[in-house]
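Working notes for the structure below.
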Amino acid sequence: MAAVAAMAQSGVGIDEPWLAGKPGARPAGPAFAESLHSYNVRHYRLDINLPMTDKSYTAHQALSIRSDEPSLSACTLHFVNLVCDSVKRSGTTLSFSTPSGLLAIALDSPLPQNDSTVLDIFYHRESTVADRGYYFARPPGVTHAYCMTCTPPEDARYWMPCYDEPMDKAERGVELNLTVPDSFQTCANGLLDSVTSGAGTKTYWWNHPYSIATYLIVFSASRFAIWQHDIPLQTGDTLPSIYFMWPEDSAVSLVNFSRIPDMVTYFSDSVRFGPYPFDKYGMVPGYTGFPWGGMENQTMTMIHTSWLRSGDPIGMAHELSHMWWGDMVTCVDFANVWLNEGFATWAECLYNGHMNGRSSFNSYITGKANSYFSQHRSRDFPLYNPPAADIYNYGVIYCKGSWIMRMLQFVEGDTTWETPGIFYQALRAYGDSFKYGTASTADFQRINEQFSGQDLDWFFDEWVYDRGYPKYTITWDKQPLGDSWQVTAMLAQHNDASSARLFHMPYPIRFNCGSESALVVFRPQDTVALDTFVLAAEPLSMTPDPDNWVLDSSFVTGIQEMPSDEVRMTNAGPSIVRGVLFLPRDMTELPGNSDRVPRPALLDISGRKVLDLLPGANDVSQLAPGIYFVRQSSGMEDQTSCVVTKVLIAR
Ligand SMILES: [Zn+2]
């Protein structure tokens, strides 16, 4: 799913309902299992009679369930703003009740474990019910009478009885048999099996025999023009991509949908996401009340009319990528929603790079970073288990989520432009492992650990289960060393109070030496990391994270050569300390955040702290002579930085 443009930030206060447990905390175990309810949905078949004159319809649902307990005596479904007329099982009428938001059906005889049964639910929707889940409009409000379903994350229950959580996908899919006045056309998940005629009506028999979550079930009806791409696949098959739109929009759609085949080819490449997972793709505009830019209904994306009319290939690429990440593999619950939206937003960046080249990729993904930073400034929370009102938060879930993919790719060493490597192998293995099912953050971590051979607890702890991002100050200095140059560089993190204290993220910096350059990677173990490098040529400048692999902000300075007004010395010239090192009192205490800011310290050349420094005189007479660094923090209450000062301790 994607916003029309930049998504509005949700204005949620401090007391937020969280989805489950402690914000961001790792789940203690496999907490999310299908056994949370006592049956398993196997298939939804819906026969819906749409008058197309008002918001009402009548429907019959044949619900196939399997018992997950020894003796299933009742089946309770989500069911809101709908009216149940009757329920039958093999012709026998069953009793039911409709407690708030639910349809509770009593079975006439218990269903043994692992046995399946079909419940026939006859229900209808009144014309007076407010738009939610199902939307209808007719002229003069719109050009042609139009209806659609639009249900993320949990609004399917407003148009069909269902178990409306992604953890229970209907593994045998959905069938939508839509009866409309014969001047209308319909579209839905899957392929059209046949069209039959009645008295002034037509019934469209749509069948999608693939596992599906309820929020991805869709149909729409109106006066549609229809056309399609037949897209050749690497497998040798052809994928129909079928488009539905009002006839007057068909010309513009020919232009603005023209990139879909290229997108399918790009993503379904065997070195990227792997084979397209379904037997159809398609798009339909949401002509009334559609609140999103796009919605990745399985095999039938719905797009905002602004995307239809002005074109938005990147948004369309986002939705298409969801066919793998969101639809084929669905987040087990919305605590894990970044697995849907972070992946799809990353896929946007990839397709933009494919279309427009590497520098465009860089500026595009930098835009995602800036959207996240903007959200962070007002309020931040972990990617995992966001507040319930924030499961579609653009800055955190979409933009930071996309950067998780980018950074994991770097951590795994898959860094050659447009040459997918081990990270993509892990991604495809994740796809294969959870194909047509559901997955969690822990599942994704585990597969990445298997493929990279790395323990990734630190990565997921800092980036997914905690919040924020690193703010680096990088200071560096050079001096000739025979024919070479010795470079000393320090990477200091002074992260916000609303961020993890320390990110262990490897951090690349490039020293530019005229026509040559040298890339070095810091592997911080503390908030200050110090390293020395020997370079063959003189470094003239330094570029932090030149290929944009890390979600960070950085500030670069030269190492300060001991300005005499900051550190005063006795018995010494301006840069040499003998015996006693004086630290001015005003540089050693910070207003606020003092527990998060490193205390002043003396570091040796390897960055190891050798002495805590106090205001005033510090005895350094016992230290071995050599180069040391005074690390001080300075700055305002909410914005601190590290100042590093080189000193030479001499006898
Ligand atoms: Zn999305």
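Here's how to read the names in the structure tokens: chain A, B, ... by the order shown, residue numbers from 1 in each chain, ligand numbers from 1 in the order shown.
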
- Selection: 7 Å around Leu602 in chain A, only C-alpha atoms, excl. self and same-chain fewer than 5 positions, as a PyMOL selection string: chain A and resi 609-613+628-631

Quick check for you: according to DSSP on this backbone, which residues of range 98-324 of chain A are classed as strand (DSSP E)? Reply as a compact mmCIF listing (two decimals) with N, CA, C and O atoms, in the first residue's frame.
```
# COMPACT_ATOMS: atom_id res chain seq x y z
N LEU A 102 -19.10 -9.36 15.72
CA LEU A 102 -18.85 -10.79 15.47
C LEU A 102 -20.09 -11.50 14.96
O LEU A 102 -21.21 -11.04 15.14
N LEU A 103 -19.85 -12.63 14.35
CA LEU A 103 -20.91 -13.57 13.99
C LEU A 103 -20.52 -14.90 14.62
O LEU A 103 -19.51 -15.50 14.24
N ALA A 104 -21.30 -15.32 15.63
CA ALA A 104 -20.99 -16.55 16.36
C ALA A 104 -21.95 -17.64 15.92
O ALA A 104 -23.16 -17.52 16.12
N ILE A 105 -21.41 -18.69 15.33
CA ILE A 105 -22.24 -19.75 14.76
C ILE A 105 -22.06 -21.01 15.62
O ILE A 105 -20.93 -21.44 15.88
N ALA A 106 -23.19 -21.58 16.05
CA ALA A 106 -23.15 -22.84 16.80
C ALA A 106 -23.28 -24.00 15.80
O ALA A 106 -24.23 -24.03 15.01
N LEU A 107 -22.33 -24.91 15.83
CA LEU A 107 -22.40 -26.05 14.91
C LEU A 107 -23.45 -27.05 15.42
O LEU A 107 -23.63 -27.21 16.63
N ASP A 108 -24.13 -27.74 14.50
CA ASP A 108 -25.16 -28.70 14.91
C ASP A 108 -24.54 -29.96 15.48
O ASP A 108 -25.11 -30.62 16.34
N SER A 109 -23.35 -30.30 15.02
CA SER A 109 -22.61 -31.41 15.63
C SER A 109 -21.14 -31.03 15.63
O SER A 109 -20.68 -30.35 14.72
N PRO A 110 -20.41 -31.44 16.68
CA PRO A 110 -19.00 -31.02 16.78
C PRO A 110 -18.18 -31.52 15.60
O PRO A 110 -18.42 -32.60 15.06
N LEU A 111 -17.19 -30.70 15.24
CA LEU A 111 -16.31 -31.05 14.13
C LEU A 111 -15.01 -31.59 14.70
O LEU A 111 -14.29 -30.89 15.42
N PRO A 112 -14.67 -32.85 14.42
CA PRO A 112 -13.44 -33.43 14.96
C PRO A 112 -12.20 -32.70 14.42
O PRO A 112 -12.25 -32.09 13.35
N SER A 116 -12.91 -31.06 8.01
CA SER A 116 -13.37 -29.80 7.42
C SER A 116 -14.87 -29.82 7.24
O SER A 116 -15.49 -30.88 7.15
N THR A 117 -15.43 -28.61 7.19
CA THR A 117 -16.84 -28.49 6.88
C THR A 117 -17.07 -27.18 6.16
O THR A 117 -16.19 -26.32 6.13
N VAL A 118 -18.27 -27.05 5.57
CA VAL A 118 -18.63 -25.82 4.87
C VAL A 118 -19.84 -25.22 5.55
O VAL A 118 -20.83 -25.91 5.81
N LEU A 119 -19.73 -23.93 5.87
CA LEU A 119 -20.86 -23.20 6.45
C LEU A 119 -21.40 -22.25 5.40
O LEU A 119 -20.64 -21.49 4.79
N ASP A 120 -22.70 -22.32 5.15
CA ASP A 120 -23.34 -21.41 4.20
C ASP A 120 -23.95 -20.25 4.96
O ASP A 120 -24.91 -20.42 5.70
N ILE A 121 -23.38 -19.08 4.76
CA ILE A 121 -23.82 -17.89 5.49
C ILE A 121 -24.54 -16.98 4.50
O ILE A 121 -23.97 -16.56 3.49
N PHE A 122 -25.81 -16.71 4.78
CA PHE A 122 -26.60 -15.82 3.93
C PHE A 122 -26.71 -14.49 4.66
O PHE A 122 -27.15 -14.44 5.81
N TYR A 123 -26.26 -13.42 4.01
CA TYR A 123 -26.22 -12.13 4.70
C TYR A 123 -26.48 -11.01 3.71
O TYR A 123 -26.48 -11.22 2.49
N HIS A 124 -26.68 -9.82 4.25
CA HIS A 124 -26.83 -8.67 3.36
C HIS A 124 -26.30 -7.41 4.02
O HIS A 124 -26.05 -7.37 5.23
N ARG A 125 -26.14 -6.43 3.21
CA ARG A 125 -25.66 -5.12 3.67
C ARG A 125 -26.76 -4.12 3.36
O ARG A 125 -27.30 -4.09 2.25
N GLY A 133 -15.03 -0.49 4.22
CA GLY A 133 -14.86 -1.82 3.66
C GLY A 133 -15.43 -1.92 2.25
O GLY A 133 -14.76 -2.38 1.33
N TYR A 134 -16.67 -1.49 2.11
CA TYR A 134 -17.34 -1.49 0.79
C TYR A 134 -17.79 -0.06 0.49
O TYR A 134 -18.31 0.64 1.36
N TYR A 135 -17.55 0.36 -0.75
CA TYR A 135 -17.83 1.74 -1.16
C TYR A 135 -18.66 1.72 -2.44
O TYR A 135 -18.39 0.94 -3.35
N PHE A 136 -19.65 2.60 -2.49
CA PHE A 136 -20.49 2.68 -3.70
C PHE A 136 -20.78 4.14 -3.99
O PHE A 136 -20.99 4.95 -3.08
N ALA A 137 -20.78 4.50 -5.26
CA ALA A 137 -21.21 5.85 -5.67
C ALA A 137 -21.89 5.72 -7.04
O ALA A 137 -21.60 4.80 -7.81
N TYR A 146 -20.32 2.93 -9.51
CA TYR A 146 -19.05 2.27 -9.22
C TYR A 146 -19.09 1.70 -7.81
O TYR A 146 -19.58 2.35 -6.88
N CYS A 147 -18.59 0.49 -7.63
CA CYS A 147 -18.42 -0.03 -6.28
C CYS A 147 -17.08 -0.69 -6.16
O CYS A 147 -16.47 -1.12 -7.14
N MET A 148 -16.58 -0.76 -4.95
CA MET A 148 -15.29 -1.42 -4.69
C MET A 148 -15.23 -1.83 -3.23
O MET A 148 -15.95 -1.30 -2.38
N THR A 149 -14.35 -2.79 -2.95
CA THR A 149 -13.97 -3.05 -1.58
C THR A 149 -12.58 -2.46 -1.37
O THR A 149 -11.78 -2.39 -2.29
N CYS A 150 -12.31 -2.01 -0.15
CA CYS A 150 -10.99 -1.49 0.20
C CYS A 150 -10.83 -1.72 1.69
O CYS A 150 -11.57 -1.13 2.48
N VAL A 174 -9.89 -17.84 -2.83
CA VAL A 174 -11.18 -17.16 -2.80
C VAL A 174 -11.85 -17.25 -4.17
O VAL A 174 -11.18 -17.25 -5.20
N GLU A 175 -13.16 -17.37 -4.12
CA GLU A 175 -13.96 -17.37 -5.34
C GLU A 175 -14.97 -16.26 -5.19
O GLU A 175 -15.67 -16.18 -4.17
N LEU A 176 -15.05 -15.38 -6.16
CA LEU A 176 -16.00 -14.27 -6.09
C LEU A 176 -16.91 -14.34 -7.31
O LEU A 176 -16.45 -14.15 -8.45
N ASN A 177 -18.16 -14.66 -7.07
CA ASN A 177 -19.13 -14.76 -8.15
C ASN A 177 -20.04 -13.54 -8.04
O ASN A 177 -20.85 -13.43 -7.14
N LEU A 178 -19.83 -12.61 -8.95
CA LEU A 178 -20.42 -11.28 -8.84
C LEU A 178 -21.52 -11.10 -9.87
O LEU A 178 -21.27 -11.16 -11.07
N THR A 179 -22.75 -10.89 -9.37
CA THR A 179 -23.88 -10.69 -10.27
C THR A 179 -24.21 -9.20 -10.33
O THR A 179 -24.40 -8.55 -9.28
N VAL A 180 -24.22 -8.66 -11.54
CA VAL A 180 -24.47 -7.22 -11.74
C VAL A 180 -25.47 -7.05 -12.88
O VAL A 180 -25.66 -7.96 -13.69
N PRO A 181 -26.15 -5.87 -12.97
CA PRO A 181 -26.96 -5.58 -14.16
C PRO A 181 -26.09 -5.77 -15.39
O PRO A 181 -24.88 -5.46 -15.37
N GLN A 185 -19.49 -4.33 -15.78
CA GLN A 185 -18.42 -5.33 -15.76
C GLN A 185 -17.85 -5.39 -14.34
O GLN A 185 -18.04 -4.46 -13.55
N THR A 186 -17.14 -6.45 -14.05
CA THR A 186 -16.54 -6.60 -12.72
C THR A 186 -15.07 -7.00 -12.84
O THR A 186 -14.63 -7.48 -13.88
N CYS A 187 -14.36 -6.79 -11.76
CA CYS A 187 -13.00 -7.35 -11.65
C CYS A 187 -12.82 -7.82 -10.21
O CYS A 187 -13.51 -7.35 -9.30
N ALA A 188 -11.89 -8.75 -10.03
CA ALA A 188 -11.67 -9.33 -8.70
C ALA A 188 -10.34 -10.06 -8.70
O ALA A 188 -9.64 -10.11 -9.72
N LEU A 191 -8.46 -15.11 -11.87
CA LEU A 191 -8.85 -15.12 -13.28
C LEU A 191 -10.36 -15.32 -13.41
O LEU A 191 -11.00 -15.93 -12.55
N LEU A 192 -10.89 -14.79 -14.50
CA LEU A 192 -12.32 -14.94 -14.79
C LEU A 192 -12.54 -16.30 -15.40
O LEU A 192 -12.02 -16.61 -16.48
N ASP A 193 -13.30 -17.12 -14.68
CA ASP A 193 -13.56 -18.47 -15.18
C ASP A 193 -14.60 -18.45 -16.28
O ASP A 193 -14.45 -19.05 -17.32
N SER A 194 -15.71 -17.72 -16.04
CA SER A 194 -16.77 -17.64 -17.05
C SER A 194 -17.72 -16.50 -16.70
O SER A 194 -17.63 -15.93 -15.61
N VAL A 195 -18.59 -16.18 -17.65
CA VAL A 195 -19.65 -15.19 -17.42
C VAL A 195 -20.96 -15.86 -17.81
O VAL A 195 -21.07 -16.42 -18.91
N THR A 196 -21.94 -15.84 -16.91
CA THR A 196 -23.23 -16.43 -17.25
C THR A 196 -24.30 -15.34 -17.21
O THR A 196 -24.15 -14.32 -16.51
N SER A 197 -25.36 -15.52 -17.97
CA SER A 197 -26.40 -14.50 -18.09
C SER A 197 -27.64 -14.92 -17.33
O SER A 197 -28.02 -16.10 -17.31
N THR A 201 -29.21 -9.65 -16.00
CA THR A 201 -27.98 -9.65 -15.20
C THR A 201 -26.91 -10.51 -15.86
O THR A 201 -27.20 -11.35 -16.72
N LYS A 202 -25.70 -10.28 -15.38
CA LYS A 202 -24.60 -11.17 -15.74
C LYS A 202 -23.90 -11.56 -14.44
O LYS A 202 -23.79 -10.75 -13.52
N THR A 203 -23.43 -12.78 -14.40
CA THR A 203 -22.64 -13.22 -13.25
C THR A 203 -21.22 -13.51 -13.73
O THR A 203 -21.02 -14.29 -14.67
N TYR A 204 -20.27 -12.85 -13.07
CA TYR A 204 -18.84 -13.03 -13.37
C TYR A 204 -18.27 -13.99 -12.34
O TYR A 204 -18.35 -13.73 -11.13
N TRP A 205 -17.70 -15.08 -12.80
CA TRP A 205 -17.19 -16.12 -11.90
C TRP A 205 -15.67 -15.99 -11.82
O TRP A 205 -14.94 -16.42 -12.71
N TRP A 206 -15.22 -15.35 -10.74
CA TRP A 206 -13.79 -15.12 -10.53
C TRP A 206 -13.24 -16.18 -9.58
O TRP A 206 -13.83 -16.44 -8.53
N ASN A 207 -12.09 -16.73 -9.95
CA ASN A 207 -11.51 -17.76 -9.11
C ASN A 207 -10.02 -17.48 -8.88
O ASN A 207 -9.27 -17.22 -9.82
N HIS A 208 -9.63 -17.52 -7.61
CA HIS A 208 -8.21 -17.32 -7.26
C HIS A 208 -7.82 -18.41 -6.27
O HIS A 208 -8.05 -18.29 -5.07
N PHE A 219 -12.98 -6.78 -4.87
CA PHE A 219 -13.71 -6.77 -6.13
C PHE A 219 -14.14 -5.35 -6.42
O PHE A 219 -14.15 -4.47 -5.54
N SER A 220 -14.49 -5.10 -7.66
CA SER A 220 -15.00 -3.81 -8.07
C SER A 220 -15.93 -4.04 -9.26
O SER A 220 -15.77 -5.01 -10.00
N ALA A 221 -16.91 -3.15 -9.41
CA ALA A 221 -17.82 -3.24 -10.55
C ALA A 221 -18.14 -1.84 -11.04
O ALA A 221 -18.28 -0.91 -10.24
N SER A 222 -18.22 -1.70 -12.33
CA SER A 222 -18.60 -0.43 -12.96
C SER A 222 -18.74 -0.66 -14.46
O SER A 222 -18.83 -1.81 -14.90
N ALA A 225 -13.81 -0.36 -19.39
CA ALA A 225 -13.05 -0.81 -20.55
C ALA A 225 -11.94 -1.72 -20.00
O ALA A 225 -11.50 -1.55 -18.86
N ILE A 226 -11.55 -2.68 -20.78
CA ILE A 226 -10.58 -3.67 -20.30
C ILE A 226 -9.52 -3.88 -21.38
O ILE A 226 -9.85 -4.01 -22.56
N TRP A 227 -8.28 -3.87 -20.96
CA TRP A 227 -7.21 -4.29 -21.88
C TRP A 227 -6.13 -4.97 -21.07
O TRP A 227 -6.16 -4.92 -19.84
N GLN A 228 -5.20 -5.60 -21.74
CA GLN A 228 -4.19 -6.34 -20.99
C GLN A 228 -2.85 -6.38 -21.68
O GLN A 228 -2.75 -6.24 -22.90
N HIS A 229 -1.81 -6.52 -20.87
CA HIS A 229 -0.48 -6.87 -21.36
C HIS A 229 -0.33 -8.38 -21.23
O HIS A 229 -0.77 -8.96 -20.23
N ASP A 230 0.31 -9.00 -22.20
CA ASP A 230 0.74 -10.39 -22.03
C ASP A 230 2.25 -10.35 -21.87
O ASP A 230 2.97 -10.07 -22.83
N ILE A 231 2.69 -10.61 -20.66
CA ILE A 231 4.10 -10.35 -20.32
C ILE A 231 4.88 -11.65 -20.35
O ILE A 231 4.60 -12.59 -19.59
N PRO A 232 5.87 -11.74 -21.24
CA PRO A 232 6.70 -12.97 -21.26
C PRO A 232 7.56 -13.05 -20.01
O PRO A 232 8.15 -12.06 -19.57
N THR A 238 3.64 -16.90 -19.97
CA THR A 238 3.19 -15.53 -20.20
C THR A 238 2.25 -15.14 -19.08
O THR A 238 1.37 -15.91 -18.69
N LEU A 239 2.45 -13.95 -18.55
CA LEU A 239 1.60 -13.46 -17.46
C LEU A 239 0.61 -12.44 -18.01
O LEU A 239 1.02 -11.42 -18.55
N PRO A 240 -0.70 -12.70 -17.86
CA PRO A 240 -1.66 -11.65 -18.24
C PRO A 240 -1.72 -10.59 -17.15
O PRO A 240 -1.85 -10.91 -15.98
N SER A 241 -1.57 -9.33 -17.55
CA SER A 241 -1.76 -8.22 -16.62
C SER A 241 -2.95 -7.43 -17.16
O SER A 241 -2.88 -6.81 -18.22
N ILE A 242 -4.06 -7.49 -16.43
CA ILE A 242 -5.35 -7.05 -16.97
C ILE A 242 -5.79 -5.76 -16.27
O ILE A 242 -5.76 -5.67 -15.04
N TYR A 243 -6.17 -4.76 -17.05
CA TYR A 243 -6.49 -3.44 -16.52
C TYR A 243 -7.96 -3.11 -16.78
O TYR A 243 -8.49 -3.36 -17.86
N PHE A 244 -8.57 -2.54 -15.75
CA PHE A 244 -9.98 -2.15 -15.82
C PHE A 244 -10.06 -0.66 -15.53
O PHE A 244 -9.46 -0.18 -14.57
N MET A 245 -10.80 0.06 -16.35
CA MET A 245 -10.95 1.50 -16.11
C MET A 245 -12.18 1.98 -16.87
O MET A 245 -12.68 1.28 -17.76
N TYR A 281 -1.76 -10.57 -13.03
CA TYR A 281 -1.65 -9.30 -12.34
C TYR A 281 -2.73 -8.40 -12.94
O TYR A 281 -3.34 -8.74 -13.97
N GLY A 282 -2.96 -7.25 -12.32
CA GLY A 282 -3.93 -6.33 -12.89
C GLY A 282 -4.06 -5.09 -12.05
O GLY A 282 -3.55 -5.03 -10.92
N MET A 283 -4.71 -4.09 -12.61
CA MET A 283 -4.94 -2.85 -11.85
C MET A 283 -6.33 -2.30 -12.18
O MET A 283 -6.85 -2.49 -13.28
N VAL A 284 -6.88 -1.63 -11.19
CA VAL A 284 -8.17 -0.94 -11.38
C VAL A 284 -8.11 0.35 -10.55
O VAL A 284 -7.60 0.34 -9.43
N PRO A 285 -8.57 1.47 -11.09
CA PRO A 285 -8.61 2.69 -10.28
C PRO A 285 -9.72 2.60 -9.23
O PRO A 285 -10.78 2.03 -9.48
N GLY A 286 -9.45 3.17 -8.06
CA GLY A 286 -10.50 3.31 -7.05
C GLY A 286 -11.21 4.63 -7.33
O GLY A 286 -10.70 5.68 -6.99
N GLY A 294 -2.07 3.55 -3.72
CA GLY A 294 -2.28 2.23 -4.31
C GLY A 294 -2.50 1.21 -3.21
O GLY A 294 -2.07 1.40 -2.08
N MET A 295 -3.17 0.11 -3.54
CA MET A 295 -3.40 -0.97 -2.58
C MET A 295 -3.20 -2.29 -3.30
O MET A 295 -3.87 -2.57 -4.29
N THR A 301 -4.23 -4.90 -8.11
CA THR A 301 -3.90 -3.68 -7.39
C THR A 301 -4.94 -2.60 -7.68
O THR A 301 -5.40 -2.47 -8.82
N MET A 302 -5.30 -1.87 -6.64
CA MET A 302 -6.18 -0.72 -6.85
C MET A 302 -5.33 0.54 -6.74
O MET A 302 -4.47 0.63 -5.86
N ILE A 303 -5.52 1.48 -7.66
CA ILE A 303 -4.71 2.70 -7.63
C ILE A 303 -5.62 3.93 -7.57
O ILE A 303 -6.78 3.90 -7.99
N HIS A 304 -5.05 4.99 -7.04
CA HIS A 304 -5.76 6.27 -7.01
C HIS A 304 -5.88 6.80 -8.44
O HIS A 304 -5.02 6.55 -9.28
```

- May I ask you to write as a PyMOL selection string all residues lying at most 12 Å from ligand 1, with only C-alpha atoms and all ligand atoms counted? chain A and resi 1-4+7+152-153+216+292-297+301-303+314-327+330+337-348+391-394+397-399+401-402

- Task: Calculate how many Å separate CA of Asp168 in chain A from CA of Ile212 in chain A, rounding to one decimal.
- Result: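 Between CA of Asp168 in chain A and CA of Ile212 in chain A the gap is 8.7 Å.
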
Neighbour list for Tyr465 in chain A as a compact mmCIF listing (two decimals) with N, CA, C and O atoms, in the first residue's frame, cut-off 12 Å, only C-alpha atoms, skip fewer than 2 positions in-chain:
```txt
# COMPACT_ATOMS: atom_id res chain seq x y z
N LYS A 22 5.36 -4.97 25.00
CA LYS A 22 6.19 -3.78 25.14
C LYS A 22 6.58 -3.29 23.75
O LYS A 22 6.93 -4.08 22.88
N PRO A 23 6.57 -1.95 23.55
CA PRO A 23 6.94 -1.44 22.25
C PRO A 23 8.30 -1.95 21.82
O PRO A 23 9.27 -1.83 22.56
N GLY A 24 8.36 -2.51 20.64
CA GLY A 24 9.64 -2.89 20.08
C GLY A 24 10.27 -4.13 20.67
O GLY A 24 11.18 -4.69 20.10
N ALA A 25 9.79 -4.58 21.82
CA ALA A 25 10.44 -5.73 22.45
C ALA A 25 10.31 -6.96 21.58
O ALA A 25 9.27 -7.21 20.99
N ARG A 26 11.41 -7.71 21.52
CA ARG A 26 11.35 -8.96 20.76
C ARG A 26 10.29 -9.87 21.35
O ARG A 26 10.17 -9.96 22.57
N PRO A 27 9.53 -10.57 20.51
CA PRO A 27 8.59 -11.54 21.07
C PRO A 27 9.35 -12.64 21.79
O PRO A 27 10.42 -13.05 21.36
N ALA A 335 2.15 -6.22 13.84
CA ALA A 335 3.40 -5.86 14.54
C ALA A 335 4.58 -5.98 13.59
O ALA A 335 5.60 -5.33 13.76
N ASN A 336 4.41 -6.83 12.58
CA ASN A 336 5.47 -7.09 11.61
C ASN A 336 5.21 -6.42 10.26
O ASN A 336 5.73 -6.84 9.24
N TRP A 338 6.23 -3.90 8.83
CA TRP A 338 7.36 -3.36 8.05
C TRP A 338 7.86 -4.38 7.03
O TRP A 338 8.44 -4.00 6.01
N PHE A 381 9.44 5.51 17.09
CA PHE A 381 9.13 4.25 17.77
C PHE A 381 9.78 3.13 16.97
O PHE A 381 10.17 3.34 15.82
N PRO A 382 9.94 1.94 17.56
CA PRO A 382 10.61 0.86 16.84
C PRO A 382 9.79 0.39 15.64
O PRO A 382 8.56 0.48 15.64
N LEU A 383 10.48 -0.12 14.65
CA LEU A 383 9.79 -0.68 13.47
C LEU A 383 8.91 -1.85 13.87
O LEU A 383 7.81 -2.02 13.36
N TYR A 384 9.45 -2.69 14.75
CA TYR A 384 8.68 -3.84 15.18
C TYR A 384 7.63 -3.40 16.20
O TYR A 384 7.92 -2.66 17.13
N ASN A 385 6.42 -3.88 16.03
CA ASN A 385 5.33 -3.61 16.97
C ASN A 385 5.07 -2.12 17.17
O ASN A 385 5.16 -1.59 18.28
N PRO A 386 4.76 -1.42 16.09
CA PRO A 386 4.47 0.01 16.20
C PRO A 386 3.15 0.24 16.94
O PRO A 386 2.35 -0.69 17.09
N GLY A 401 11.89 1.38 7.13
CA GLY A 401 11.80 -0.03 6.71
C GLY A 401 12.59 -0.30 5.44
O GLY A 401 13.28 -1.32 5.32
N ILE A 404 16.25 -0.62 6.19
CA ILE A 404 16.67 -1.88 6.80
C ILE A 404 17.17 -2.82 5.72
O ILE A 404 18.21 -3.48 5.86
N THR A 441 9.38 -11.02 11.72
CA THR A 441 10.72 -10.44 11.70
C THR A 441 11.76 -11.49 12.07
O THR A 441 12.83 -11.56 11.47
N ALA A 442 11.44 -12.31 13.07
CA ALA A 442 12.38 -13.35 13.50
C ALA A 442 12.66 -14.34 12.37
O ALA A 442 13.79 -14.81 12.20
N GLN A 445 15.05 -12.61 9.99
CA GLN A 445 16.40 -12.57 10.58
C GLN A 445 17.09 -13.94 10.46
O GLN A 445 18.25 -14.03 10.07
N ASP A 457 21.71 -10.59 15.57
CA ASP A 457 20.96 -10.06 16.71
C ASP A 457 21.20 -8.56 16.89
O ASP A 457 20.28 -7.79 17.11
N TRP A 458 22.49 -8.18 16.85
CA TRP A 458 22.82 -6.76 17.06
C TRP A 458 22.11 -5.89 16.05
O TRP A 458 21.60 -4.82 16.39
N PHE A 459 22.06 -6.33 14.79
CA PHE A 459 21.46 -5.51 13.74
C PHE A 459 19.96 -5.32 13.99
O PHE A 459 19.44 -4.20 13.96
N PHE A 460 19.27 -6.44 14.24
CA PHE A 460 17.82 -6.34 14.44
C PHE A 460 17.50 -5.66 15.77
O PHE A 460 16.53 -4.92 15.86
N ASP A 461 18.33 -5.92 16.81
CA ASP A 461 18.10 -5.25 18.10
C ASP A 461 18.17 -3.73 17.95
O ASP A 461 17.33 -3.00 18.47
N GLU A 462 19.19 -3.27 17.25
CA GLU A 462 19.41 -1.82 17.19
C GLU A 462 18.51 -1.13 16.16
O GLU A 462 18.04 -0.02 16.39
N TRP A 463 18.25 -1.81 15.05
CA TRP A 463 17.54 -1.15 13.96
C TRP A 463 16.04 -1.44 13.92
O TRP A 463 15.27 -0.65 13.38
N ARG A 467 14.78 2.06 18.45
CA ARG A 467 14.37 3.15 17.57
C ARG A 467 15.54 4.08 17.28
O ARG A 467 16.60 4.01 17.91
N GLY A 468 15.33 4.98 16.33
CA GLY A 468 16.31 6.00 16.05
C GLY A 468 17.35 5.62 15.02
O GLY A 468 17.21 4.61 14.31
N SER A 499 16.99 7.62 20.47
CA SER A 499 17.63 6.60 19.61
C SER A 499 18.37 5.60 20.49
O SER A 499 18.69 5.89 21.64
N ALA A 500 18.65 4.44 19.90
CA ALA A 500 19.56 3.52 20.58
C ALA A 500 20.85 4.28 20.90
O ALA A 500 21.27 5.16 20.15
```

- Task: Step one, run DSSP on the backbone; step two, keep only residues of range 227-298 of chain A assigned to alpha helix (DSSP H); then write them as a PyMOL selection string.
- Result: chain A and resi 250-256+260-267

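With only C-alpha atoms as the basis for measurement, A:Glu126 is the residue among A:Glu126, A:His354, A:Val87, A:Ala74 that approaches Leu50 in chain A most closely.
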
- Within 10 Å of Gly274 in chain A, counting only C-alpha atoms, which residues qualify if same-chain residues fewer than 6 places away don't, as a list in words? Gln234, Thr235, Thr265, Tyr266, Phe267, Ser268, Trp324, Tyr424, Gln425, Leu427, Arg428, Ala429, Gly431 and Asp432 of chain A

- Query: So how many Å separate CA of Phe522 in chain A and CA of Trp485 in chain A, to one decimal?
  - Reply: 18.4 Å

Each residue of range 134-217 of chain A with at least one atom at most 10 Å from range 75-79 of chain A should appear once, together with its nearest atom pair and the corresponding distance in Å (one decimal); atoms considered: only C-alpha atoms; ordering: chain, then increasing residue number; output as JSON lines.
```
{"residue": "A:Glu154", "atom": "CA", "partner": "A:His78", "partner_atom": "CA", "distance": 9.5}
{"residue": "A:Asp155", "atom": "CA", "partner": "A:Phe79", "partner_atom": "CA", "distance": 9.5}
{"residue": "A:Ala156", "atom": "CA", "partner": "A:Phe79", "partner_atom": "CA", "distance": 8.6}
{"residue": "A:Arg157", "atom": "CA", "partner": "A:Phe79", "partner_atom": "CA", "distance": 4.8}
{"residue": "A:Tyr158", "atom": "CA", "partner": "A:Phe79", "partner_atom": "CA", "distance": 6.3}
{"residue": "A:Trp159", "atom": "CA", "partner": "A:Phe79", "partner_atom": "CA", "distance": 7.8}
{"residue": "A:Met160", "atom": "CA", "partner": "A:Phe79", "partner_atom": "CA", "distance": 6.8}
{"residue": "A:Pro161", "atom": "CA", "partner": "A:Phe79", "partner_atom": "CA", "distance": 5.0}
{"residue": "A:Cys162", "atom": "CA", "partner": "A:Leu77", "partner_atom": "CA", "distance": 5.2}
{"residue": "A:Tyr163", "atom": "CA", "partner": "A:Leu77", "partner_atom": "CA", "distance": 5.3}
{"residue": "A:Asp164", "atom": "CA", "partner": "A:His78", "partner_atom": "CA", "distance": 6.2}
{"residue": "A:Glu165", "atom": "CA", "partner": "A:His78", "partner_atom": "CA", "distance": 9.3}
```
